[in-house]
$ cat my_file06.txt   # compact mmCIF, N, CA and C atoms
# COMPACT_ATOMS: atom_id res chain seq x y z
N MET A 1 -17.77 -25.71 95.11
CA MET A 1 -18.77 -25.23 94.18
C MET A 1 -18.35 -23.86 93.68
N GLU A 2 -17.84 -23.82 92.50
CA GLU A 2 -17.37 -22.56 91.91
C GLU A 2 -18.52 -21.58 91.79
N GLY A 3 -18.26 -20.34 92.13
CA GLY A 3 -19.27 -19.29 91.99
C GLY A 3 -20.11 -19.06 93.24
N SER A 4 -20.24 -20.09 94.10
CA SER A 4 -21.06 -19.92 95.30
C SER A 4 -20.29 -19.22 96.41
N GLY A 5 -18.99 -19.19 96.28
CA GLY A 5 -18.17 -18.59 97.33
C GLY A 5 -17.68 -19.62 98.32
N ARG A 6 -18.32 -20.79 98.39
CA ARG A 6 -17.90 -21.84 99.33
C ARG A 6 -17.26 -22.96 98.53
N GLU A 7 -16.03 -23.29 98.93
CA GLU A 7 -15.30 -24.35 98.26
C GLU A 7 -14.76 -25.33 99.28
N ALA A 8 -15.01 -26.61 99.05
CA ALA A 8 -14.43 -27.69 99.86
C ALA A 8 -14.63 -27.50 101.36
N GLY A 9 -15.76 -26.92 101.77
CA GLY A 9 -16.05 -26.76 103.18
C GLY A 9 -15.35 -25.60 103.85
N PHE A 10 -14.61 -24.77 103.10
CA PHE A 10 -13.93 -23.62 103.67
C PHE A 10 -14.90 -22.45 103.82
N PRO A 11 -14.53 -21.44 104.59
CA PRO A 11 -15.41 -20.28 104.77
C PRO A 11 -15.80 -19.62 103.44
N THR A 12 -16.92 -18.95 103.48
CA THR A 12 -17.45 -18.29 102.29
C THR A 12 -16.57 -17.11 101.87
N MET A 13 -16.32 -17.03 100.57
CA MET A 13 -15.64 -15.88 99.96
C MET A 13 -16.65 -15.30 98.97
N LYS A 14 -16.89 -14.00 99.07
CA LYS A 14 -17.83 -13.42 98.12
C LYS A 14 -17.40 -12.04 97.70
N ASN A 15 -17.76 -11.69 96.50
CA ASN A 15 -17.50 -10.33 96.02
C ASN A 15 -18.54 -9.43 96.66
N GLU A 16 -18.06 -8.34 97.24
CA GLU A 16 -18.95 -7.37 97.88
C GLU A 16 -19.60 -6.54 96.78
N LEU A 17 -20.90 -6.39 96.87
CA LEU A 17 -21.65 -5.70 95.81
C LEU A 17 -21.70 -4.19 95.99
N ARG A 18 -21.25 -3.68 97.15
CA ARG A 18 -21.25 -2.23 97.36
C ARG A 18 -19.83 -1.72 97.43
N PRO A 19 -19.62 -0.49 97.02
CA PRO A 19 -18.29 0.10 97.15
C PRO A 19 -17.89 0.19 98.62
N MET A 20 -16.64 -0.17 98.90
CA MET A 20 -16.14 -0.19 100.27
C MET A 20 -14.92 0.71 100.37
N GLN A 21 -14.64 1.14 101.61
CA GLN A 21 -13.44 1.95 101.86
C GLN A 21 -12.83 1.56 103.19
N ALA A 22 -11.52 1.81 103.30
CA ALA A 22 -10.78 1.60 104.54
C ALA A 22 -10.26 2.96 104.98
N ILE A 23 -10.52 3.32 106.25
CA ILE A 23 -10.14 4.63 106.77
C ILE A 23 -9.37 4.44 108.07
N TRP A 24 -8.28 5.18 108.19
CA TRP A 24 -7.55 5.21 109.45
C TRP A 24 -7.17 6.65 109.74
N ILE A 25 -7.37 7.07 110.96
CA ILE A 25 -7.19 8.44 111.47
C ILE A 25 -7.68 9.50 110.46
N GLY A 26 -8.89 9.25 109.98
CA GLY A 26 -9.57 10.23 109.13
C GLY A 26 -9.13 10.26 107.68
N THR A 27 -8.28 9.35 107.26
CA THR A 27 -7.78 9.33 105.88
C THR A 27 -8.21 8.04 105.19
N VAL A 28 -8.79 8.18 104.00
CA VAL A 28 -9.15 7.00 103.20
C VAL A 28 -7.86 6.41 102.65
N ILE A 29 -7.59 5.14 103.00
CA ILE A 29 -6.38 4.48 102.51
C ILE A 29 -6.66 3.46 101.43
N ALA A 30 -7.92 3.08 101.27
CA ALA A 30 -8.32 2.18 100.19
C ALA A 30 -9.79 2.41 99.90
N GLU A 31 -10.13 2.30 98.62
CA GLU A 31 -11.52 2.48 98.21
C GLU A 31 -11.73 1.72 96.92
N SER A 32 -12.79 0.88 96.88
CA SER A 32 -13.01 0.07 95.69
C SER A 32 -14.44 -0.46 95.64
N ASP A 33 -14.89 -0.70 94.42
CA ASP A 33 -16.16 -1.40 94.23
C ASP A 33 -15.88 -2.85 93.80
N ASP A 34 -14.65 -3.33 94.11
CA ASP A 34 -14.23 -4.69 93.78
C ASP A 34 -13.51 -5.32 94.96
N THR A 35 -14.22 -5.49 96.08
CA THR A 35 -13.62 -6.14 97.24
C THR A 35 -14.13 -7.57 97.36
N VAL A 36 -13.37 -8.39 98.06
CA VAL A 36 -13.77 -9.76 98.35
C VAL A 36 -13.89 -9.90 99.86
N SER A 37 -15.01 -10.42 100.32
CA SER A 37 -15.27 -10.58 101.75
C SER A 37 -14.97 -12.03 102.15
N VAL A 38 -14.14 -12.17 103.20
CA VAL A 38 -13.78 -13.49 103.73
C VAL A 38 -13.74 -13.40 105.24
N GLU A 39 -14.54 -14.18 105.91
CA GLU A 39 -14.52 -14.27 107.37
C GLU A 39 -14.56 -12.89 108.04
N GLY A 40 -15.36 -11.98 107.50
CA GLY A 40 -15.51 -10.66 108.10
C GLY A 40 -14.47 -9.64 107.69
N SER A 41 -13.50 -10.02 106.88
CA SER A 41 -12.49 -9.09 106.38
C SER A 41 -12.76 -8.80 104.91
N TYR A 42 -12.46 -7.57 104.51
CA TYR A 42 -12.64 -7.16 103.12
C TYR A 42 -11.28 -6.99 102.48
N TYR A 43 -11.06 -7.66 101.38
CA TYR A 43 -9.79 -7.62 100.67
C TYR A 43 -9.92 -6.68 99.48
N PHE A 44 -9.08 -5.62 99.49
CA PHE A 44 -9.09 -4.59 98.46
C PHE A 44 -8.03 -4.89 97.41
N PRO A 45 -8.31 -4.61 96.14
CA PRO A 45 -7.27 -4.77 95.12
C PRO A 45 -6.08 -3.88 95.43
N LEU A 46 -4.89 -4.36 95.13
CA LEU A 46 -3.67 -3.58 95.40
C LEU A 46 -3.73 -2.19 94.76
N GLU A 47 -4.28 -2.11 93.56
CA GLU A 47 -4.33 -0.82 92.86
C GLU A 47 -5.29 0.18 93.51
N SER A 48 -6.10 -0.27 94.46
CA SER A 48 -7.03 0.64 95.12
C SER A 48 -6.43 1.27 96.38
N ILE A 49 -5.21 0.88 96.73
CA ILE A 49 -4.56 1.38 97.95
C ILE A 49 -3.92 2.73 97.68
N ARG A 50 -4.14 3.67 98.58
CA ARG A 50 -3.55 5.01 98.45
C ARG A 50 -2.02 4.89 98.45
N PRO A 51 -1.37 5.42 97.42
CA PRO A 51 0.10 5.31 97.33
C PRO A 51 0.78 5.90 98.58
N GLY A 52 1.84 5.23 99.02
CA GLY A 52 2.64 5.72 100.13
C GLY A 52 2.12 5.38 101.52
N THR A 53 1.00 4.64 101.61
CA THR A 53 0.45 4.35 102.93
C THR A 53 0.89 2.99 103.49
N LEU A 54 1.35 2.08 102.64
CA LEU A 54 1.74 0.75 103.10
C LEU A 54 3.25 0.54 102.97
N THR A 55 3.83 -0.06 104.02
CA THR A 55 5.24 -0.43 104.00
C THR A 55 5.32 -1.88 104.47
N GLY A 56 5.93 -2.74 103.66
CA GLY A 56 6.05 -4.14 104.02
C GLY A 56 6.85 -4.33 105.30
N THR A 57 6.47 -5.33 106.08
CA THR A 57 7.20 -5.67 107.31
C THR A 57 7.74 -7.09 107.16
N LYS A 58 8.45 -7.55 108.17
CA LYS A 58 8.97 -8.92 108.15
C LYS A 58 8.00 -9.90 108.80
N SER A 59 6.84 -9.42 109.22
CA SER A 59 5.87 -10.28 109.92
C SER A 59 5.10 -11.16 108.94
N HIS A 60 4.86 -12.39 109.40
CA HIS A 60 4.08 -13.36 108.63
C HIS A 60 3.23 -14.17 109.60
N SER A 61 2.16 -14.74 109.08
CA SER A 61 1.37 -15.69 109.86
C SER A 61 0.85 -16.74 108.90
N LEU A 62 0.38 -17.84 109.45
CA LEU A 62 -0.10 -18.95 108.62
C LEU A 62 -1.57 -19.20 108.87
N CYS A 63 -2.35 -19.16 107.83
CA CYS A 63 -3.75 -19.57 107.87
C CYS A 63 -3.80 -20.98 107.27
N PRO A 64 -4.45 -21.93 107.94
CA PRO A 64 -4.43 -23.30 107.44
C PRO A 64 -5.06 -23.47 106.05
N TRP A 65 -5.93 -22.57 105.65
CA TRP A 65 -6.54 -22.75 104.32
C TRP A 65 -6.20 -21.65 103.33
N LYS A 66 -5.76 -20.47 103.80
CA LYS A 66 -5.38 -19.41 102.85
C LYS A 66 -3.90 -19.41 102.55
N GLY A 67 -3.08 -19.81 103.50
CA GLY A 67 -1.63 -19.84 103.28
C GLY A 67 -0.91 -18.86 104.17
N ILE A 68 0.23 -18.36 103.69
CA ILE A 68 1.08 -17.46 104.48
C ILE A 68 0.70 -16.02 104.19
N ALA A 69 0.40 -15.29 105.26
CA ALA A 69 0.06 -13.87 105.15
C ALA A 69 1.33 -13.05 105.38
N SER A 70 1.47 -12.01 104.59
CA SER A 70 2.55 -11.03 104.75
C SER A 70 1.92 -9.72 105.19
N TYR A 71 2.57 -9.01 106.11
CA TYR A 71 1.98 -7.83 106.72
C TYR A 71 2.61 -6.52 106.25
N TYR A 72 1.83 -5.46 106.41
CA TYR A 72 2.24 -4.10 106.10
C TYR A 72 1.97 -3.20 107.29
N ASP A 73 2.84 -2.21 107.49
CA ASP A 73 2.53 -1.10 108.37
C ASP A 73 1.71 -0.11 107.55
N VAL A 74 0.76 0.54 108.19
CA VAL A 74 -0.01 1.62 107.56
C VAL A 74 0.50 2.93 108.15
N THR A 75 0.87 3.87 107.28
CA THR A 75 1.39 5.16 107.75
C THR A 75 0.57 6.30 107.17
N ILE A 76 0.07 7.15 108.07
CA ILE A 76 -0.68 8.35 107.69
C ILE A 76 -0.06 9.53 108.43
N ARG A 77 0.36 10.53 107.70
CA ARG A 77 0.93 11.76 108.28
C ARG A 77 1.98 11.46 109.36
N GLY A 78 2.83 10.47 109.10
CA GLY A 78 3.91 10.15 110.03
C GLY A 78 3.52 9.22 111.17
N THR A 79 2.25 8.91 111.31
CA THR A 79 1.80 8.00 112.37
C THR A 79 1.71 6.59 111.79
N ILE A 80 2.34 5.63 112.49
CA ILE A 80 2.42 4.26 112.00
C ILE A 80 1.51 3.33 112.79
N ASN A 81 0.74 2.54 112.08
CA ASN A 81 -0.08 1.47 112.66
C ASN A 81 0.60 0.17 112.22
N HIS A 82 1.36 -0.43 113.14
CA HIS A 82 2.19 -1.59 112.81
C HIS A 82 1.37 -2.82 112.46
N ASN A 83 1.74 -3.45 111.36
CA ASN A 83 1.12 -4.71 110.90
C ASN A 83 -0.40 -4.61 110.80
N ALA A 84 -0.90 -3.49 110.35
CA ALA A 84 -2.35 -3.25 110.29
C ALA A 84 -2.99 -3.70 108.99
N ALA A 85 -2.18 -4.20 108.06
CA ALA A 85 -2.72 -4.70 106.79
C ALA A 85 -1.98 -5.98 106.43
N TRP A 86 -2.64 -6.84 105.68
CA TRP A 86 -1.99 -8.08 105.26
C TRP A 86 -2.46 -8.50 103.88
N THR A 87 -1.65 -9.36 103.29
CA THR A 87 -1.96 -9.91 101.96
C THR A 87 -1.50 -11.35 101.90
N TYR A 88 -2.05 -12.09 100.97
CA TYR A 88 -1.59 -13.45 100.67
C TYR A 88 -0.99 -13.40 99.27
N ARG A 89 0.33 -13.29 99.21
CA ARG A 89 1.00 -13.17 97.90
C ARG A 89 0.86 -14.44 97.06
N HIS A 90 0.89 -15.58 97.74
CA HIS A 90 0.77 -16.88 97.05
C HIS A 90 -0.26 -17.72 97.81
N PRO A 91 -1.55 -17.36 97.72
CA PRO A 91 -2.55 -18.09 98.49
C PRO A 91 -2.74 -19.52 97.98
N SER A 92 -3.32 -20.33 98.83
CA SER A 92 -3.65 -21.69 98.41
C SER A 92 -4.70 -21.62 97.29
N PRO A 93 -4.87 -22.70 96.56
CA PRO A 93 -5.89 -22.69 95.49
C PRO A 93 -7.29 -22.36 96.02
N PHE A 94 -7.58 -22.71 97.27
CA PHE A 94 -8.90 -22.43 97.83
C PHE A 94 -9.13 -20.94 98.06
N ALA A 95 -8.04 -20.18 98.20
CA ALA A 95 -8.14 -18.75 98.51
C ALA A 95 -7.64 -17.88 97.36
N ARG A 96 -7.62 -18.41 96.17
CA ARG A 96 -7.05 -17.68 95.02
C ARG A 96 -7.72 -16.33 94.77
N ARG A 97 -8.95 -16.15 95.24
CA ARG A 97 -9.66 -14.88 95.01
C ARG A 97 -9.09 -13.72 95.83
N VAL A 98 -8.24 -14.00 96.82
CA VAL A 98 -7.65 -12.90 97.60
C VAL A 98 -6.24 -12.55 97.14
N LYS A 99 -5.74 -13.21 96.11
CA LYS A 99 -4.41 -12.89 95.59
C LYS A 99 -4.40 -11.46 95.07
N ASN A 100 -3.30 -10.74 95.33
CA ASN A 100 -3.14 -9.34 94.92
C ASN A 100 -4.17 -8.42 95.56
N ARG A 101 -4.56 -8.76 96.78
CA ARG A 101 -5.51 -7.95 97.55
C ARG A 101 -4.98 -7.75 98.95
N VAL A 102 -5.46 -6.69 99.61
CA VAL A 102 -4.99 -6.33 100.95
C VAL A 102 -6.21 -6.16 101.86
N ALA A 103 -6.10 -6.69 103.09
CA ALA A 103 -7.14 -6.51 104.10
C ALA A 103 -6.54 -5.74 105.28
N PHE A 104 -7.42 -5.21 106.13
CA PHE A 104 -6.99 -4.33 107.22
C PHE A 104 -7.60 -4.77 108.56
N TRP A 105 -6.94 -4.34 109.64
CA TRP A 105 -7.44 -4.53 111.00
C TRP A 105 -6.76 -3.52 111.89
N GLN A 106 -6.77 -3.73 113.21
CA GLN A 106 -6.08 -2.88 114.20
C GLN A 106 -6.47 -1.41 114.11
N GLY A 107 -7.76 -1.17 114.12
CA GLY A 107 -8.24 0.21 114.15
C GLY A 107 -8.53 0.82 112.79
N VAL A 108 -8.18 0.13 111.71
CA VAL A 108 -8.55 0.62 110.38
C VAL A 108 -10.02 0.27 110.18
N ARG A 109 -10.83 1.29 109.96
CA ARG A 109 -12.28 1.11 109.82
C ARG A 109 -12.62 0.81 108.36
N VAL A 110 -13.31 -0.30 108.13
CA VAL A 110 -13.72 -0.68 106.79
C VAL A 110 -15.24 -0.69 106.74
N GLY A 111 -15.80 -0.04 105.73
CA GLY A 111 -17.25 0.01 105.58
C GLY A 111 -17.64 0.54 104.23
N PRO A 112 -18.94 0.62 104.00
CA PRO A 112 -19.43 1.10 102.71
C PRO A 112 -19.05 2.56 102.47
N VAL A 113 -18.83 2.89 101.21
CA VAL A 113 -18.54 4.27 100.81
C VAL A 113 -19.81 5.10 100.98
N PRO A 114 -19.75 6.22 101.71
CA PRO A 114 -20.94 7.07 101.83
C PRO A 114 -21.38 7.54 100.44
N GLY A 115 -22.65 7.43 100.17
CA GLY A 115 -23.18 7.82 98.86
C GLY A 115 -23.05 6.72 97.82
N GLY A 116 -22.26 5.69 98.11
CA GLY A 116 -22.19 4.53 97.23
C GLY A 116 -21.31 4.64 96.01
N ILE A 117 -20.61 5.77 95.81
CA ILE A 117 -19.75 5.90 94.64
C ILE A 117 -18.33 6.21 95.09
N PRO A 118 -17.37 5.29 94.79
CA PRO A 118 -15.98 5.57 95.15
C PRO A 118 -15.49 6.84 94.47
N ALA A 119 -14.61 7.57 95.14
CA ALA A 119 -14.09 8.84 94.61
C ALA A 119 -13.45 8.65 93.24
N SER A 120 -12.75 7.52 93.03
CA SER A 120 -12.10 7.29 91.74
C SER A 120 -13.12 7.17 90.62
N ARG A 121 -14.25 6.50 90.87
CA ARG A 121 -15.28 6.38 89.84
C ARG A 121 -15.98 7.71 89.64
N ALA A 122 -16.22 8.47 90.71
CA ALA A 122 -16.86 9.79 90.58
C ALA A 122 -16.00 10.70 89.74
N ALA A 123 -14.67 10.63 89.92
CA ALA A 123 -13.75 11.45 89.13
C ALA A 123 -13.82 11.07 87.66
N ARG A 124 -13.85 9.75 87.37
CA ARG A 124 -13.94 9.30 85.98
C ARG A 124 -15.26 9.76 85.35
N GLN A 125 -16.36 9.70 86.10
CA GLN A 125 -17.64 10.13 85.57
C GLN A 125 -17.64 11.63 85.31
N GLY A 126 -16.96 12.39 86.17
CA GLY A 126 -16.87 13.83 85.99
C GLY A 126 -16.08 14.19 84.74
N GLU A 127 -15.07 13.35 84.40
CA GLU A 127 -14.27 13.61 83.20
C GLU A 127 -15.09 13.41 81.93
N ARG A 128 -16.08 12.50 81.98
CA ARG A 128 -16.91 12.22 80.81
C ARG A 128 -18.01 13.25 80.60
N ALA A 129 -18.34 13.98 81.64
CA ALA A 129 -19.46 14.92 81.56
C ALA A 129 -19.13 16.13 80.71

$ encode --input "my_file06.txt" --output "structure tokens"
Amino acid sequence: MEGSGREAGFPTMKNELRPMQAIWIGTVIAESDDTVSVEGSYYFPLESIRPGTLTGTKSHSLCPWKGIASYYDVTIRGTINHNAAWTYRHPSPFARRVKNRVAFWQGVRVGPVPGGIPASRAARQGERA
């Protein structure tokens, strides 16, 4: 059922209606008002990732309905969190909404943006004022 988030009996995928951020060791590494929630993970658009924080690894895993996940190390101030982020570069048709998006785990805290406005949007609004 297109639009409901549930397709062919697979887990629900939905666009998160609140701005979300990913933080590790006190640094915001992703922030967006365009995330997709799947099975408790939030997938951020690639363009919302802080430059220089992700490095691709050789690690992969297989999800039976999303496809092959590719992993990234997250690096903040020289500290590396190995394989703490992942993406589906070529997801199955059922998971097409997570293409070009990155999700986090292993101590990366994901939650709503305090105040509800991502810093990038606040900056754009300040430029218009």

$ residues_around --input "my_file06.txt" --residues "region 55-61 of chain A" --least-positions-apart "6" --cutoff "5 Å" --atoms "only N, CA and C atoms" --output "list in words"
Ile68, Ala69, Ser70, Tyr71, Tyr72 and Asp73 of chain A

$ atom_distance --input "my_file06.txt" --atom1 "atom N of Gly52 (chain A)" --atom2 "atom C of Gly67 (chain A)"
24.8 Å

$ atom_distance --input "my_file06.txt" --atom1 "CA of Val113 (chain A)" --atom2 "atom C of Ile76 (chain A)"
20.7 Å

$ residues_around --input "my_file06.txt" --residues "Gly107 (chain A)" --least-positions-apart "3" --cutoff "8 Å" --atoms "only N, CA and C atoms" --output "list of chain:residue names"
A:Ile23, A:Trp24, A:Ile25, A:Ala84, A:Phe104, A:Val110

$ select_by_dssp --input "my_file06.txt" --residues "chain A" --states "strand (DSSP E or B)" --output "tab-separated table (two decimals) with N, CA and C atoms, in the frame of the given file"
chain	number	residue	atom	x	y	z
A	13	MET	N	-16.32	-17.03	100.57
A	13	MET	CA	-15.64	-15.88	99.96
A	13	MET	C	-16.65	-15.30	98.97
A	14	LYS	N	-16.89	-14.00	99.07
A	14	LYS	CA	-17.83	-13.42	98.12
A	14	LYS	C	-17.40	-12.04	97.70
A	15	ASN	N	-17.76	-11.69	96.50
A	15	ASN	CA	-17.50	-10.33	96.02
A	15	ASN	C	-18.54	-9.43	96.66
A	20	MET	N	-16.64	-0.17	98.90
A	20	MET	CA	-16.14	-0.19	100.27
A	20	MET	C	-14.92	0.71	100.37
A	21	GLN	N	-14.64	1.14	101.61
A	21	GLN	CA	-13.44	1.95	101.86
A	21	GLN	C	-12.83	1.56	103.19
A	22	ALA	N	-11.52	1.81	103.30
A	22	ALA	CA	-10.78	1.60	104.54
A	22	ALA	C	-10.26	2.96	104.98
A	23	ILE	N	-10.52	3.32	106.25
A	23	ILE	CA	-10.14	4.63	106.77
A	23	ILE	C	-9.37	4.44	108.07
A	24	TRP	N	-8.28	5.18	108.19
A	24	TRP	CA	-7.55	5.21	109.45
A	24	TRP	C	-7.17	6.65	109.74
A	27	THR	N	-8.28	9.35	107.26
A	27	THR	CA	-7.78	9.33	105.88
A	27	THR	C	-8.21	8.04	105.19
A	28	VAL	N	-8.79	8.18	104.00
A	28	VAL	CA	-9.15	7.00	103.20
A	28	VAL	C	-7.86	6.41	102.65
A	29	ILE	N	-7.59	5.14	103.00
A	29	ILE	CA	-6.38	4.48	102.51
A	29	ILE	C	-6.66	3.46	101.43
A	30	ALA	N	-7.92	3.08	101.27
A	30	ALA	CA	-8.32	2.18	100.19
A	30	ALA	C	-9.79	2.41	99.90
A	31	GLU	N	-10.13	2.30	98.62
A	31	GLU	CA	-11.52	2.48	98.21
A	31	GLU	C	-11.73	1.72	96.92
A	32	SER	N	-12.79	0.88	96.88
A	32	SER	CA	-13.01	0.07	95.69
A	32	SER	C	-14.44	-0.46	95.64
A	36	VAL	N	-13.37	-8.39	98.06
A	36	VAL	CA	-13.77	-9.76	98.35
A	36	VAL	C	-13.89	-9.90	99.86
A	37	SER	N	-15.01	-10.42	100.32
A	37	SER	CA	-15.27	-10.58	101.75
A	37	SER	C	-14.97	-12.03	102.15
A	38	VAL	N	-14.14	-12.17	103.20
A	38	VAL	CA	-13.78	-13.49	103.73
A	38	VAL	C	-13.74	-13.40	105.24
A	41	SER	N	-13.50	-10.02	106.88
A	41	SER	CA	-12.49	-9.09	106.38
A	41	SER	C	-12.76	-8.80	104.91
A	42	TYR	N	-12.46	-7.57	104.51
A	42	TYR	CA	-12.64	-7.16	103.12
A	42	TYR	C	-11.28	-6.99	102.48
A	43	TYR	N	-11.06	-7.66	101.38
A	43	TYR	CA	-9.79	-7.62	100.67
A	43	TYR	C	-9.92	-6.68	99.48
A	44	PHE	N	-9.08	-5.62	99.49
A	44	PHE	CA	-9.09	-4.59	98.46
A	44	PHE	C	-8.03	-4.89	97.41
A	45	PRO	N	-8.31	-4.61	96.14
A	45	PRO	CA	-7.27	-4.77	95.12
A	45	PRO	C	-6.08	-3.88	95.43
A	49	ILE	N	-5.21	0.88	96.73
A	49	ILE	CA	-4.56	1.38	97.95
A	49	ILE	C	-3.92	2.73	97.68
A	54	LEU	N	1.35	2.08	102.64
A	54	LEU	CA	1.74	0.75	103.10
A	54	LEU	C	3.25	0.54	102.97
A	55	THR	N	3.83	-0.06	104.02
A	55	THR	CA	5.24	-0.43	104.00
A	55	THR	C	5.32	-1.88	104.47
A	56	GLY	N	5.93	-2.74	103.66
A	56	GLY	CA	6.05	-4.14	104.02
A	56	GLY	C	6.85	-4.33	105.30
A	57	THR	N	6.47	-5.33	106.08
A	57	THR	CA	7.20	-5.67	107.31
A	57	THR	C	7.74	-7.09	107.16
A	58	LYS	N	8.45	-7.55	108.17
A	58	LYS	CA	8.97	-8.92	108.15
A	58	LYS	C	8.00	-9.90	108.80
A	59	SER	N	6.84	-9.42	109.22
A	59	SER	CA	5.87	-10.28	109.92
A	59	SER	C	5.10	-11.16	108.94
A	60	HIS	N	4.86	-12.39	109.40
A	60	HIS	CA	4.08	-13.36	108.63
A	60	HIS	C	3.23	-14.17	109.60
A	61	SER	N	2.16	-14.74	109.08
A	61	SER	CA	1.37	-15.69	109.86
A	61	SER	C	0.85	-16.74	108.90
A	62	LEU	N	0.38	-17.84	109.45
A	62	LEU	CA	-0.10	-18.95	108.62
A	62	LEU	C	-1.57	-19.20	108.87
A	63	CYS	N	-2.35	-19.16	107.83
A	63	CYS	CA	-3.75	-19.57	107.87
A	63	CYS	C	-3.80	-20.98	107.27
A	67	GLY	N	-3.08	-19.81	103.50
A	67	GLY	CA	-1.63	-19.84	103.28
A	67	GLY	C	-0.91	-18.86	104.17
A	68	ILE	N	0.23	-18.36	103.69
A	68	ILE	CA	1.08	-17.46	104.48
A	68	ILE	C	0.70	-16.02	104.19
A	69	ALA	N	0.40	-15.29	105.26
A	69	ALA	CA	0.06	-13.87	105.15
A	69	ALA	C	1.33	-13.05	105.38
A	70	SER	N	1.47	-12.01	104.59
A	70	SER	CA	2.55	-11.03	104.75
A	70	SER	C	1.92	-9.72	105.19
A	71	TYR	N	2.57	-9.01	106.11
A	71	TYR	CA	1.98	-7.83	106.72
A	71	TYR	C	2.61	-6.52	106.25
A	72	TYR	N	1.83	-5.46	106.41
A	72	TYR	CA	2.24	-4.10	106.10
A	72	TYR	C	1.97	-3.20	107.29
A	73	ASP	N	2.84	-2.21	107.49
A	73	ASP	CA	2.53	-1.10	108.37
A	73	ASP	C	1.71	-0.11	107.55
A	74	VAL	N	0.76	0.54	108.19
A	74	VAL	CA	-0.01	1.62	107.56
A	74	VAL	C	0.50	2.93	108.15
A	75	THR	N	0.87	3.87	107.28
A	75	THR	CA	1.39	5.16	107.75
A	75	THR	C	0.57	6.30	107.17
A	76	ILE	N	0.07	7.15	108.07
A	76	ILE	CA	-0.68	8.35	107.69
A	76	ILE	C	-0.06	9.53	108.43
A	79	THR	N	2.25	8.91	111.31
A	79	THR	CA	1.80	8.00	112.37
A	79	THR	C	1.71	6.59	111.79
A	80	ILE	N	2.34	5.63	112.49
A	80	ILE	CA	2.42	4.26	112.00
A	80	ILE	C	1.51	3.33	112.79
A	81	ASN	N	0.74	2.54	112.08
A	81	ASN	CA	-0.08	1.47	112.66
A	81	ASN	C	0.60	0.17	112.22
A	82	HIS	N	1.36	-0.43	113.14
A	82	HIS	CA	2.19	-1.59	112.81
A	82	HIS	C	1.37	-2.82	112.46
A	83	ASN	N	1.74	-3.45	111.36
A	83	ASN	CA	1.12	-4.71	110.90
A	83	ASN	C	-0.40	-4.61	110.80
A	84	ALA	N	-0.90	-3.49	110.35
A	84	ALA	CA	-2.35	-3.25	110.29
A	84	ALA	C	-2.99	-3.70	108.99
A	85	ALA	N	-2.18	-4.20	108.06
A	85	ALA	CA	-2.72	-4.70	106.79
A	85	ALA	C	-1.98	-5.98	106.43
A	86	TRP	N	-2.64	-6.84	105.68
A	86	TRP	CA	-1.99	-8.08	105.26
A	86	TRP	C	-2.46	-8.50	103.88
A	87	THR	N	-1.65	-9.36	103.29
A	87	THR	CA	-1.96	-9.91	101.96
A	87	THR	C	-1.50	-11.35	101.90
A	101	ARG	N	-4.56	-8.76	96.78
A	101	ARG	CA	-5.51	-7.95	97.55
A	101	ARG	C	-4.98	-7.75	98.95
A	102	VAL	N	-5.46	-6.69	99.61
A	102	VAL	CA	-4.99	-6.33	100.95
A	102	VAL	C	-6.21	-6.16	101.86
A	103	ALA	N	-6.10	-6.69	103.09
A	103	ALA	CA	-7.14	-6.51	104.10
A	103	ALA	C	-6.54	-5.74	105.28
A	104	PHE	N	-7.42	-5.21	106.13
A	104	PHE	CA	-6.99	-4.33	107.22
A	104	PHE	C	-7.60	-4.77	108.56
A	109	ARG	N	-10.83	1.29	109.96
A	109	ARG	CA	-12.28	1.11	109.82
A	109	ARG	C	-12.62	0.81	108.36
A	110	VAL	N	-13.31	-0.30	108.13
A	110	VAL	CA	-13.72	-0.68	106.79
A	110	VAL	C	-15.24	-0.69	106.74
A	111	GLY	N	-15.80	-0.04	105.73
A	111	GLY	CA	-17.25	0.01	105.58
A	111	GLY	C	-17.64	0.54	104.23
A	112	PRO	N	-18.94	0.62	104.00
A	112	PRO	CA	-19.43	1.10	102.71
A	112	PRO	C	-19.05	2.56	102.47

$ residues_around --input "my_file06.txt" --residues "Lys66 (chain A)" --least-positions-apart "5" --cutoff "9 Å" --atoms "only C-alpha atoms" --output "list in words"
Tyr88, His90, Pro91, Ser92, Pro93, Phe94, Ala95, Arg96 and Val98 of chain A

$ closest_residue --input "my_file06.txt" --among "A:Glu16, A:Ala103, A:Thr27, A:Thr87" --to "Ser41 (chain A)" --atoms "all atoms listed in the file"
A:Ala103

$ atom_distance --input "my_file06.txt" --atom1 "atom C of Glu39 (chain A)" --atom2 "atom C of Gly78 (chain A)"
28.7 Å

$ closest_residue --input "my_file06.txt" --among "A:Arg101, A:Phe44, A:Val74, A:Pro64" --to "Arg89 (chain A)" --atoms "only N, CA and C atoms"
A:Arg101

$ closest_residue --input "my_file06.txt" --among "A:Met20, A:Leu62, A:Val108, A:Ile80" --to "Val36 (chain A)" --atoms "only C-alpha atoms"
A:Met20

$ select_by_dssp --input "my_file06.txt" --residues "chain A" --states "helix (DSSP H, G or I)" --output "JSON, numbers by chain"
{"A": [46, 47, 48, 93, 94, 95, 96, 97, 98, 114, 115, 116, 119, 120, 121, 122, 123, 124, 125, 126, 127, 128]}
